[in-house]
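Source file: work_18.cif. Holds: mmCIF, C-alpha atoms and all ligand atoms.
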data_input
#
loop_
_atom_site.label_atom_id
_atom_site.label_comp_id
_atom_site.auth_asym_id
_atom_site.auth_seq_id
_atom_site.Cartn_x
_atom_site.Cartn_y
_atom_site.Cartn_z
CA MET X 1 0.00 0.00 0.00
CA PRO X 2 1.30 3.54 -0.71
CA GLN X 3 2.25 5.61 2.36
CA LEU X 4 0.18 8.35 3.97
CA ALA X 5 1.73 11.79 4.36
CA GLN X 6 3.71 12.28 7.57
CA ARG X 7 1.47 15.14 8.68
CA VAL X 8 -1.45 12.76 9.05
CA GLY X 9 0.62 10.60 11.37
CA ARG X 10 1.29 13.67 13.49
CA ALA X 11 -2.45 14.35 13.94
CA LYS X 12 -3.89 12.50 16.93
CA PRO X 13 -7.55 11.68 17.52
CA SER X 14 -9.01 14.09 20.07
CA ALA X 15 -8.87 12.81 23.67
CA ILE X 16 -12.22 14.51 24.23
CA MET X 17 -13.79 12.40 21.52
CA VAL X 18 -12.24 9.22 22.98
CA ILE X 19 -13.92 9.73 26.37
CA ALA X 20 -17.19 10.91 24.77
CA GLU X 21 -17.21 7.79 22.62
CA LYS X 22 -16.68 5.53 25.66
CA ALA X 23 -19.54 7.31 27.46
CA LYS X 24 -21.78 6.76 24.43
CA GLN X 25 -20.96 3.04 24.38
CA LEU X 26 -21.76 2.65 28.08
CA LYS X 27 -25.04 4.51 27.56
CA ALA X 28 -25.96 2.25 24.64
CA ALA X 29 -25.27 -0.72 26.93
CA GLY X 30 -27.93 0.61 29.30
CA ARG X 31 -25.75 2.43 31.87
CA ASP X 32 -26.98 5.68 33.43
CA ILE X 33 -24.35 8.12 32.15
CA ILE X 34 -23.93 11.81 32.90
CA SER X 35 -21.64 13.48 30.41
CA PHE X 36 -19.52 16.43 31.43
CA SER X 37 -17.19 15.73 28.54
CA ILE X 38 -18.17 17.63 25.40
CA GLY X 39 -17.96 21.40 25.08
CA VAL X 40 -21.09 21.91 23.01
CA PRO X 41 -23.66 24.51 24.00
CA ASN X 42 -26.99 22.87 24.89
CA PHE X 43 -29.21 25.54 23.38
CA LEU X 44 -30.52 26.45 19.96
CA PRO X 45 -30.37 29.83 18.25
CA GLY X 46 -33.38 32.17 18.27
CA GLU X 47 -36.28 31.61 15.84
CA HIS X 48 -35.15 34.62 13.77
CA VAL X 49 -32.06 32.62 12.72
CA TYR X 50 -34.18 29.79 11.31
CA ALA X 51 -36.53 32.30 9.67
CA ALA X 52 -33.59 33.98 7.93
CA ALA X 53 -32.27 30.61 6.73
CA ARG X 54 -35.71 29.64 5.33
CA GLU X 55 -36.12 33.00 3.64
CA SER X 56 -32.64 32.72 2.10
CA LEU X 57 -33.41 29.25 0.74
CA SER X 58 -36.48 30.59 -1.02
CA HIS X 59 -34.29 32.72 -3.31
CA ASP X 60 -30.96 30.86 -3.16
CA SER X 61 -28.82 31.57 -6.23
CA GLY X 62 -26.94 28.28 -5.99
CA GLN X 63 -23.75 30.12 -6.95
CA TYR X 64 -20.30 30.40 -5.42
CA GLY X 65 -19.92 33.37 -3.11
CA SER X 66 -17.09 35.60 -1.91
CA ASN X 67 -13.83 34.03 -0.64
CA ARG X 68 -13.72 36.70 2.05
CA GLY X 69 -17.36 36.31 3.07
CA ALA X 70 -20.46 38.05 1.73
CA GLU X 71 -20.51 41.80 2.35
CA VAL X 72 -23.71 41.51 4.35
CA LEU X 73 -21.98 39.05 6.70
CA LEU X 74 -18.86 41.18 7.00
CA ASP X 75 -20.99 44.25 7.80
CA ALA X 76 -22.97 42.36 10.45
CA PHE X 77 -19.72 41.10 11.97
CA LEU X 78 -18.24 44.61 11.98
CA LYS X 79 -21.23 45.86 14.01
CA HIS X 80 -20.90 42.87 16.31
CA ILE X 81 -17.22 43.50 17.05
CA GLU X 82 -17.84 47.23 17.50
CA ALA X 83 -20.30 46.33 20.25
CA LEU X 84 -17.53 44.20 21.81
CA GLY X 85 -15.18 47.19 21.85
CA PHE X 86 -13.20 46.98 18.58
CA SER X 87 -13.09 50.20 16.58
CA GLY X 88 -11.68 51.34 13.24
CA TYR X 89 -12.02 48.02 11.42
CA THR X 90 -13.39 47.77 7.87
CA ARG X 91 -14.33 44.87 5.60
CA THR X 92 -10.70 44.66 4.42
CA ASN X 93 -9.69 43.56 7.93
CA LEU X 94 -12.02 40.56 7.87
CA SER X 95 -12.24 37.05 6.50
CA ILE X 96 -14.25 33.90 7.10
CA GLY X 97 -13.84 30.18 7.63
CA ILE X 98 -15.85 27.04 8.31
CA GLY X 99 -15.92 27.64 12.06
CA ALA X 100 -13.15 29.00 14.27
CA LYS X 101 -11.31 25.69 14.01
CA HIS X 102 -10.90 26.12 10.26
CA VAL X 103 -10.02 29.79 10.72
CA LEU X 104 -7.26 28.81 13.18
CA TYR X 105 -5.97 26.19 10.76
CA ASN X 106 -5.93 28.79 7.96
CA LEU X 107 -4.06 31.21 10.22
CA ALA X 108 -1.47 28.54 11.04
CA GLU X 109 -0.98 27.95 7.31
CA ALA X 110 -0.83 31.67 6.62
CA LEU X 111 1.61 32.61 9.40
CA LEU X 112 3.79 29.57 10.14
CA ASP X 113 6.40 27.92 7.98
CA GLU X 114 7.64 24.47 8.90
CA GLY X 115 9.99 24.71 11.90
CA ASP X 116 8.69 28.12 13.04
CA GLU X 117 7.81 28.48 16.71
CA ILE X 118 4.34 29.04 18.11
CA CYS X 119 3.80 29.61 21.84
CA PHE X 120 0.67 29.28 23.94
CA ALA X 121 -0.23 28.76 27.58
CA ALA X 122 -1.18 25.41 29.11
CA PRO X 123 -3.88 24.44 29.90
CA TYR X 124 -4.71 24.85 26.20
CA TRP X 125 -7.50 23.77 23.88
CA THR X 126 -6.33 20.40 22.52
CA THR X 127 -6.60 21.46 18.87
CA TYR X 128 -3.87 24.12 19.22
CA ARG X 129 -1.22 21.46 19.51
CA ASP X 130 -2.72 19.40 16.72
CA ILE X 131 -2.85 22.32 14.29
CA ALA X 132 0.77 23.21 15.11
CA ASP X 133 1.77 19.58 14.55
CA ILE X 134 -0.02 19.40 11.21
CA VAL X 135 1.75 22.49 9.82
CA GLY X 136 5.07 21.31 11.31
CA ALA X 137 5.53 24.20 13.73
CA LYS X 138 7.53 23.91 16.96
CA VAL X 139 5.44 24.43 20.09
CA ASN X 140 6.64 26.28 23.18
CA VAL X 141 4.16 25.74 25.99
CA MET X 142 4.00 28.23 28.85
CA HIS X 143 2.82 26.25 31.87
CA CYS X 144 0.20 28.04 33.96
CA GLY X 145 -0.92 25.70 36.74
CA PRO X 146 -3.71 25.97 39.31
CA GLU X 147 -1.34 27.76 41.72
CA GLN X 148 -1.46 30.77 39.35
CA ASN X 149 -5.17 30.34 38.56
CA TYR X 150 -4.22 28.93 35.16
CA LYS X 151 -3.38 32.44 33.99
CA LEU X 152 -0.37 33.55 31.96
CA THR X 153 1.80 36.15 33.67
CA PRO X 154 3.61 39.03 31.91
CA THR X 155 6.96 37.54 33.05
CA GLN X 156 6.20 34.18 31.44
CA LEU X 157 5.06 35.86 28.25
CA ASP X 158 8.14 38.07 28.13
CA ALA X 159 10.43 35.02 28.44
CA ALA X 160 8.56 33.13 25.69
CA LEU X 161 8.56 36.10 23.31
CA ALA X 162 12.30 36.62 23.84
CA ARG X 163 12.68 33.43 21.77
CA LYS X 164 11.08 35.36 18.87
CA PRO X 165 8.30 32.90 18.06
CA ARG X 166 6.39 33.65 14.87
CA VAL X 167 3.02 33.32 16.64
CA PHE X 168 1.63 33.74 20.15
CA LEU X 169 -1.81 32.11 20.44
CA PHE X 170 -4.02 33.34 23.28
CA ASN X 171 -7.46 32.14 24.43
CA ASN X 172 -9.83 34.23 26.56
CA PRO X 173 -12.20 33.06 28.10
CA SER X 174 -10.34 29.79 28.30
CA ASN X 175 -11.31 26.34 27.24
CA PRO X 176 -10.60 24.21 29.39
CA THR X 177 -10.28 26.36 32.54
CA GLY X 178 -13.07 28.96 32.24
CA MET X 179 -10.58 31.64 33.29
CA VAL X 180 -11.15 35.20 32.08
CA TYR X 181 -8.50 37.93 32.01
CA THR X 182 -9.44 41.26 33.57
CA ALA X 183 -8.84 44.58 31.79
CA GLY X 184 -5.75 45.09 33.98
CA GLU X 185 -4.33 41.66 33.22
CA ILE X 186 -4.88 42.16 29.49
CA ALA X 187 -3.20 45.58 29.64
CA ALA X 188 -0.16 44.14 31.44
CA LEU X 189 0.21 41.39 28.81
CA ALA X 190 -0.33 43.95 26.01
CA ASP X 191 2.57 46.03 27.41
CA VAL X 192 4.80 42.97 26.99
CA LEU X 193 3.53 42.34 23.44
CA VAL X 194 4.44 45.87 22.41
CA LYS X 195 8.07 45.12 23.29
CA HIS X 196 8.23 42.15 20.89
CA PRO X 197 7.34 43.31 17.38
CA ASP X 198 8.34 40.09 15.58
CA THR X 199 5.46 37.99 16.80
CA TRP X 200 1.90 37.70 15.45
CA VAL X 201 -0.77 37.48 18.13
CA ILE X 202 -3.89 35.38 17.64
CA THR X 203 -6.64 35.88 20.20
CA ASP X 204 -9.09 32.97 20.05
CA ASP X 205 -11.94 34.56 21.96
CA ILE X 206 -14.94 32.60 20.76
CA TYR X 207 -16.41 32.50 24.30
CA ASN X 208 -16.46 36.31 24.52
CA SER X 209 -20.23 36.41 25.11
CA MET X 210 -19.91 34.18 28.18
CA VAL X 211 -18.15 36.31 30.74
CA PHE X 212 -19.48 36.45 34.31
CA ASP X 213 -19.13 38.65 37.39
CA GLY X 214 -19.05 41.91 35.40
CA ILE X 215 -15.45 41.42 34.24
CA GLY X 216 -16.33 42.16 30.61
CA TYR X 217 -14.49 41.08 27.51
CA HIS X 218 -11.09 42.67 26.84
CA ASN X 219 -8.62 42.41 24.00
CA PHE X 220 -4.98 43.51 23.70
CA VAL X 221 -5.92 46.08 21.06
CA PHE X 222 -8.29 47.82 23.51
CA ALA X 223 -5.33 48.42 25.81
CA ARG X 224 -2.70 49.13 23.15
CA PRO X 225 -4.28 50.11 19.79
CA GLU X 226 -0.85 50.09 18.13
CA LEU X 227 -1.01 46.27 18.34
CA ARG X 228 -3.75 46.28 15.71
CA ASP X 229 -1.24 45.55 12.96
CA ARG X 230 -0.25 42.27 14.67
CA VAL X 231 -3.32 41.04 16.55
CA ILE X 232 -5.83 38.73 14.88
CA PHE X 233 -9.14 38.32 16.71
CA VAL X 234 -10.97 35.03 16.10
CA ASP X 235 -14.72 34.66 16.64
CA SER X 236 -17.42 32.16 15.75
CA VAL X 237 -21.19 31.69 15.95
CA SER X 238 -20.75 28.27 17.62
CA LYS X 239 -20.75 29.11 21.32
CA THR X 240 -22.32 32.57 21.37
CA TYR X 241 -25.43 31.65 19.41
CA GLY X 242 -25.69 27.90 20.02
CA MET X 243 -24.77 27.22 16.35
CA PRO X 244 -21.76 24.86 16.41
CA GLY X 245 -23.08 22.80 13.50
CA TRP X 246 -23.61 25.83 11.23
CA ARG X 247 -19.83 26.23 10.94
CA VAL X 248 -19.15 29.95 10.68
CA GLY X 249 -15.93 31.50 11.98
CA LEU X 250 -14.47 34.94 11.32
CA ILE X 251 -11.33 36.94 11.90
CA ALA X 252 -10.67 40.64 12.36
CA GLY X 253 -7.03 41.60 11.96
CA PRO X 254 -4.42 43.30 9.80
CA GLU X 255 -5.37 43.58 6.12
CA VAL X 256 -2.40 41.50 5.01
CA VAL X 257 -3.53 38.58 7.19
CA ALA X 258 -7.19 38.86 6.16
CA LYS X 259 -6.02 38.78 2.55
CA ALA X 260 -3.84 35.70 3.14
CA VAL X 261 -6.71 33.83 4.77
CA THR X 262 -8.99 34.84 1.90
CA THR X 263 -6.44 33.49 -0.60
CA LEU X 264 -6.34 30.19 1.30
CA ASN X 265 -10.15 30.15 1.25
CA SER X 266 -10.14 30.57 -2.50
CA ASN X 267 -8.08 27.38 -2.70
CA HIS X 268 -9.70 25.37 0.11
CA ILE X 269 -13.39 26.19 0.40
CA THR X 270 -14.25 28.99 -2.07
CA SER X 271 -17.08 30.40 0.05
CA LEU X 272 -19.77 29.82 2.63
CA PRO X 273 -23.24 28.71 1.44
CA GLU X 274 -25.84 31.48 1.12
CA VAL X 275 -28.21 29.88 3.61
CA ILE X 276 -25.47 29.65 6.26
CA THR X 277 -24.45 33.23 5.58
CA ALA X 278 -28.04 34.41 6.06
CA ALA X 279 -28.32 32.51 9.36
CA ALA X 280 -25.05 33.99 10.65
CA VAL X 281 -26.12 37.52 9.66
CA ALA X 282 -29.39 37.04 11.56
CA ALA X 283 -27.50 35.74 14.60
CA PHE X 284 -25.07 38.70 14.69
CA SER X 285 -27.59 41.43 13.94
CA GLY X 286 -30.82 40.05 15.44
CA PRO X 287 -32.02 40.13 19.05
CA GLN X 288 -29.31 39.15 21.53
CA GLU X 289 -31.62 37.61 24.16
CA VAL X 290 -30.41 34.05 23.64
CA PRO X 291 -26.71 34.68 24.36
CA ARG X 292 -27.59 37.01 27.24
CA ALA X 293 -29.90 34.47 28.87
CA ARG X 294 -27.42 31.63 28.37
CA CYS X 295 -24.61 33.65 29.92
CA ALA X 296 -26.72 34.21 33.06
CA GLU X 297 -27.64 30.52 33.13
CA PHE X 298 -24.01 29.39 32.84
CA ALA X 299 -22.98 31.79 35.61
CA GLY X 300 -25.58 30.12 37.86
CA LYS X 301 -24.36 26.66 36.93
CA ARG X 302 -20.77 27.75 37.56
CA ASP X 303 -21.80 28.59 41.15
CA ILE X 304 -23.26 25.10 41.61
CA VAL X 305 -20.13 23.42 40.21
CA VAL X 306 -17.70 25.51 42.25
CA ALA X 307 -19.68 24.96 45.47
CA ALA X 308 -19.84 21.19 44.94
CA LEU X 309 -16.15 20.84 44.07
CA GLY X 310 -15.12 23.15 46.90
CA ALA X 311 -16.77 20.80 49.38
CA ILE X 312 -14.52 17.88 48.35
CA PRO X 313 -11.47 17.72 50.63
CA GLY X 314 -8.19 18.27 48.78
CA VAL X 315 -9.78 19.32 45.47
CA ALA X 316 -8.90 22.85 44.41
CA CYS X 317 -10.83 24.54 41.63
CA PRO X 318 -9.77 28.03 40.57
CA ARG X 319 -13.06 29.89 40.13
CA PRO X 320 -14.07 30.01 36.45
CA GLN X 321 -15.50 33.33 35.31
CA GLY X 322 -16.51 32.49 31.76
CA ALA X 323 -17.33 29.88 29.11
CA PHE X 324 -18.87 26.68 30.53
CA TYR X 325 -15.92 24.77 31.92
CA ALA X 326 -14.40 24.07 35.31
CA PHE X 327 -10.93 22.58 35.70
CA PRO X 328 -10.43 21.19 39.20
CA ASP X 329 -7.05 19.96 40.43
CA ILE X 330 -7.74 16.30 41.25
CA SER X 331 -4.17 15.24 41.97
CA VAL X 332 -5.09 14.48 45.62
CA ALA X 333 -6.54 11.22 44.24
CA PHE X 334 -3.31 10.04 42.60
CA GLY X 335 -1.73 7.06 44.35
CA LYS X 336 -5.05 6.08 45.97
CA SER X 337 -7.42 3.24 45.06
CA HIS X 338 -11.12 3.02 44.30
CA HIS X 339 -12.54 -0.37 45.34
CA GLY X 340 -9.22 -1.99 44.52
CA THR X 341 -8.55 -0.04 41.30
CA LYS X 342 -5.32 1.92 41.65
CA ILE X 343 -5.41 5.47 40.30
CA ASN X 344 -2.01 6.74 39.21
CA ASN X 345 -2.93 9.69 37.02
CA ASP X 346 -5.68 11.80 35.45
CA VAL X 347 -6.40 9.34 32.63
CA GLU X 348 -6.88 6.47 35.09
CA PHE X 349 -8.95 8.75 37.33
CA CYS X 350 -11.37 9.68 34.52
CA ALA X 351 -11.60 6.06 33.34
CA ALA X 352 -12.37 4.82 36.88
CA LEU X 353 -14.87 7.62 37.49
CA LEU X 354 -16.71 6.78 34.27
CA GLU X 355 -16.69 3.06 35.01
CA ALA X 356 -17.72 3.30 38.66
CA LYS X 357 -20.08 6.28 38.66
CA GLY X 358 -21.06 6.81 35.03
CA VAL X 359 -19.71 10.37 34.95
CA ALA X 360 -17.63 11.38 31.91
CA CYS X 361 -14.98 14.09 32.37
CA VAL X 362 -11.91 14.75 30.22
CA PRO X 363 -8.40 14.08 31.64
CA GLY X 364 -6.39 17.28 32.01
CA SER X 365 -3.39 15.84 30.19
CA ALA X 366 -5.37 16.29 26.96
CA PHE X 367 -5.01 20.02 27.66
CA GLY X 368 -1.40 19.92 28.86
CA GLU X 369 -2.21 19.85 32.62
CA PRO X 370 -2.16 16.29 34.00
CA ARG X 371 -3.09 17.33 37.56
CA ALA X 372 -6.62 18.30 36.55
CA MET X 373 -9.74 17.22 34.67
CA ARG X 374 -12.24 19.22 32.65
CA ILE X 375 -15.89 19.44 33.58
CA SER X 376 -18.10 20.89 30.85
CA TYR X 377 -21.34 21.98 32.54
CA THR X 378 -23.63 22.43 29.54
CA CYS X 379 -25.82 19.48 30.59
CA PRO X 380 -29.37 20.11 31.86
CA THR X 381 -29.40 21.49 35.44
CA ALA X 382 -31.30 18.37 36.53
CA GLN X 383 -28.19 16.30 35.73
CA LEU X 384 -25.68 18.73 37.15
CA GLN X 385 -26.24 18.17 40.90
CA PRO X 386 -26.46 14.36 40.64
CA GLY X 387 -23.32 14.26 38.46
CA LEU X 388 -21.38 16.39 40.93
CA ALA X 389 -22.69 14.29 43.83
CA ARG X 390 -21.36 11.17 42.13
CA ILE X 391 -17.92 12.81 41.75
CA ALA X 392 -17.96 13.67 45.48
CA GLU X 393 -18.97 10.09 46.31
CA PHE X 394 -16.14 8.75 44.18
CA PHE X 395 -13.60 10.88 46.06
CA ALA X 396 -15.09 9.80 49.41
CA GLU X 397 -14.63 6.13 48.45
CA LEU X 398 -10.91 6.48 47.66
CA ASN X 399 -8.41 4.94 50.04
N1 LIG X 401 -11.50 27.66 20.03
C1 LIG X 401 -11.87 27.14 21.21
C2 LIG X 401 -11.16 27.60 22.44
C3 LIG X 401 -12.87 26.16 21.28
O1 LIG X 401 -13.22 25.65 22.46
C4 LIG X 401 -13.51 25.74 20.08
C5 LIG X 401 -14.60 24.70 20.06
N2 LIG X 401 -14.63 23.79 21.06
C6 LIG X 401 -13.10 26.33 18.88
C7 LIG X 401 -12.10 27.29 18.89
C8 LIG X 401 -13.71 25.93 17.56
O2 LIG X 401 -14.96 26.46 17.39
P1 LIG X 401 -15.78 26.33 16.05
O3 LIG X 401 -16.99 25.51 16.38
O4 LIG X 401 -16.15 27.73 15.66
O5 LIG X 401 -14.92 25.66 15.04
#
Before we go any further, please render this structure as structure tokens.
Ligand code: PMP
Amino acid sequence: MPQLAQRVGRAKPSAIMVIAEKAKQLKAAGRDIISFSIGVPNFLPGEHVYAAARESLSHDSGQYGSNRGAEVLLDAFLKHIEALGFSGYTRTNLSIGIGAKHVLYNLAEALLDEGDEICFAAPYWTTYRDIADIVGAKVNVMHCGPEQNYKLTPTQLDAALARKPRVFLFNNPSNPTGMVYTAGEIAALADVLVKHPDTWVITDDIYNSMVFDGIGYHNFVFARPELRDRVIFVDSVSKTYGMPGWRVGLIAGPEVVAKAVTTLNSNHITSLPEVITAAAVAAFSGPQEVPRARCAEFAGKRDIVVAALGAIPGVACPRPQGAFYAFPDISVAFGKSHHGTKINNDVEFCAALLEAKGVACVPGSAFGEPRAMRISYTCPTAQLQPGLARIAEFFAELN
């Protein structure tokens, strides 16, 4: 048989999918499973989104569209990012992709040659490492453990940027930790970025509508507008509007980068379908009740999760302030046993928890932090308390 390309060998199946698949199998076998594993919003977009999609279908041209995104979508996105706090951007600063994941992949292709360095903080979203591996970039991980609330410090960033990486990839609010950077923290990191002009900065901020406790969403360019010629903001309809399957991602950044992504689009995807474009326009420019209500709901669920985890002796959970994830440090369990099953690490912990209690969580090592596990709390509230109670029970049964 002919050989596959080496880059495929470098791509690993997602650890999140592995645990979700195991949970699905157990469920199919009749087990009562509560899944805290997948980071998919459990709500649908507003009716106006469906109405716009239906209306678009009724006069669909069936033609290819713009590589950069239809003007109506770009204009709706411009208004959306202005409301977030970005100013002075025009259509020429924008481009599209099939979801933020595709946008990030395009950016990696556009900005990184083989052997170039990319740096990002751990815990990180699993796909960052995979995308870097696929394009053959070298990864420098900045470790940000629970003792520093999983947040990158200016000193760490300064040290990483001294190596002159081509790209610094930043994620706020964070998947998997739910951490959100305050205006002051963003400003302090932006001051460091200004000192290192050789590095592109990607801010993957697709959870920007889910920020709790009045912290607000902040970007480096709000603090230091001169960074606009190096910062690329990534957004998506997936989490904000409950539209992960519609696959629309966008960037706002320097013209030269938007152009490069558009060129890649012309070779990879050509354009987004008209019906999808219409739905995304409706989401960005229509009533914003759905994201607002979901944000309040997730803040309430966050309180339940933090309270339950806080009551487990030895488990520390830095308080998430955004997205829908919690990332407790579970290392107190390592070296102990559950009904005779020895638990040496996070992977064995999550496997034993799923087997014994039917609760699916994702091992932290998938995100570069093997002391922790990720809880995604998008499940119905009725499952949340019982799931957390089972985790507490599991800890209580360790010896
Ligand atoms: N970035 C982060 C941090 C994510 O968590 C996800 C989805 N889980 C994405 C990007 C990709 O989102 P999309 O559905 O827009 O591809």
Environment of ligand LIG 401 (chain X) within 10 Å, counting only C-alpha atoms and all ligand atoms, reported as a PyMOL selection string: chain X and resi 38-41+97-105+124-128+170-176+203-207+234-240+242-250+323-325
Selection near Gln385 in chain X, 12 Å with all atoms listed in the file, sequence-local residues under 2 positions removed, as number ranges by chain: X: 34, 36, 301-309, 359, 377, 379-383, 387-392
Test item: residues at most 8 Å from range 59-66 of chain X, all atoms listed in the file, excluding those fewer than 6 positions along its chain, as a ChimeraX atom specification: /X:270-275
All residues 12 Å or closer to Arg31 in chain X, only C-alpha atoms, same chain fewer than 2 positions away omitted, as a PyMOL selection string: chain X and resi 22-29+33-35+354-359
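Excluding Ile81 in chain X and any residue on its chain fewer than 6 positions from it, the residues at most 9 Å away by only C-alpha atoms are X:Ser87, X:Tyr89, X:Ala252.
Closest approach to Val290 in chain X among X:Val49, X:Leu384, X:Ile343, X:Met17: X:Val49, based on all atoms listed in the file.
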Shell around range 181-187 of chain X at 7 Å using all atoms listed in the file, local window under 2 positions removed, as a ChimeraX atom specification: /X:172,179,189-191,215,218-220,223
d(CA of Arg294 in chain X, CA of Ala316 in chain X) in Å: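 These atoms are spaced 26.0 Å apart.
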Of the listed residues X:Pro154, X:Gly214, X:Pro370, X:Pro320, that which approaches Leu193 in chain X most closely, counting all atoms listed in the file: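 Checking each candidate against Leu193 in chain X, we get X:Pro154 as the closest.
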